[in-house]
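Input: a single structure, listed below in structure tokens.
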Amino acid sequence: MRKIITVVFALCLVLALCFDSSSFYSMQNKNENQQAPGFTLVNLSGKNVSLSDFKGKAVVLFFLTTSCPYCRQELPLLNKEYPNMLASGIELLAIDITESKERVANFAQRYYIKYPVLLDLDGMVSMQYDIIGVPTLILISKEGKVISVENDLPSDYKERMLK
């Protein structure tokens, strides 16, 4: 049993080294300054929501899963910032990747998520945006261009999105 644990730990360490912050940084930058891919997803109420619904507005896309501990750590800040975002003309959309509506609805209720939660049931939108891990926040300008790809909400997000 101890040998199995050691092997699993070694594999995790190798994977962590393969996906260090510098490789993530280079992968995330390939989408910056490009047009954000359009999409239509269903929200928890069953209504279709498209990125084009927010044309002319800055948008933050928050890709997550309910099992991600780092996503849960980001929720209090996003819940707190959401009214400020709206007041500044920025929309926040959470996009859950490949989980059932029931699971995501329970999660949203448990964590008091106030902003729209969309369901990427087949993972196609996360593939369009080259999501390689969660949480991933994508900042999109009013012009529909990807400004940056982040693991958490930058403290200067308003300045970067509204310049």
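Chain labels follow the order of the structure tokens: the first chain is A, the next B, and so on; residue numbering restarts at 1 in every chain, and ligands are counted from 1 in their shown order.
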Test item: residues at most 9 Å from A:Thr40, only C-alpha atoms, excluding those fewer than 3 positions along its chain, as an MDAnalysis selection string:
chainID A and resid 48:52 125
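In this structure, atom CA of A:Met124 sits 17.8 Å away from atom CA of A:Val146.
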Give the helix (DSSP H, G or I) residues of stretch 33-136 of chain A, as assigned by DSSP on the backbone, as JSON, numbers by chain.
-> {"A": [51, 52, 53, 54, 69, 70, 71, 72, 73, 74, 75, 76, 77, 78, 79, 80, 81, 82, 83, 84, 85, 86, 87, 88, 101, 102, 103, 104, 105, 106, 107, 108, 109, 110, 124, 125, 126, 127, 128]}
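Within the 12 Å cut-off around A:Ala87, using only C-alpha atoms and omitting residues fewer than 5 positions from it on the same chain, the listed residues are A:Lys57, A:Ala58, A:Glu81, A:Tyr82, A:Leu92, A:Lys158.
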Using only C-alpha atoms, the shortest atom-to-atom distance to A:Gly56 among A:Glu32, A:Glu91, A:Asp96, A:Asp130 belongs to A:Glu91
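The shortest atom-to-atom distance to A:Lys142, with only C-alpha atoms taken into account, belongs to A:Leu162 out of A:Val60, A:Ala105, A:Leu162, A:Cys71.
Proximity to A:Glu150 was assessed for A:Leu78, A:Ile95, A:Val42, A:Val134 counting only C-alpha atoms; the smallest distance is recorded for A:Val134.
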At a cut-off of 10 Å, can you tabulate as a tab-separated table every residue of stretch 21-101 of chain A near stretch 106-112 of chain A together with its closest atom pair and the distance in Å to one decimal, using only C-alpha atoms and ordering rows by chain then number?
residue	atom	partner	partner_atom	distance
A:Leu44	CA	A:Ala108	CA	9.2
A:Thr65	CA	A:Phe107	CA	9.5
A:Thr66	CA	A:Phe107	CA	6.5
A:Ser67	CA	A:Phe107	CA	9.6
A:Arg72	CA	A:Tyr111	CA	8.1
A:Leu75	CA	A:Tyr111	CA	7.4
A:Pro76	CA	A:Tyr111	CA	8.2
A:Asn79	CA	A:Tyr112	CA	7.8
A:Ala94	CA	A:Ala108	CA	10.0
A:Lys101	CA	A:Asn106	CA	8.6
From atom CA of A:Glu102 to atom CA of A:Leu153 the spacing works out at 26.6 Å
_Computed interatomic separation between atom CA of A:Met161 and atom CA of A:Ser141 (Å)_ =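 Going from atom CA of A:Met161 over to atom CA of A:Ser141, I get 5.4 Å.
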- Message: For A:Val149, find every residue with an atom within 7 Å (counting only C-alpha atoms), except residues of its own chain fewer than 2 positions away, and show them as a list of chain:residue names.
- Response: A:Gln28, A:Thr136, A:Leu137, A:Ile138, A:Leu139
Nearest to A:Asp122, restricted to only C-alpha atoms and choosing among A:Asp53, A:Ile90, A:Asp152, A:Ile97, comes out as A:Ile97
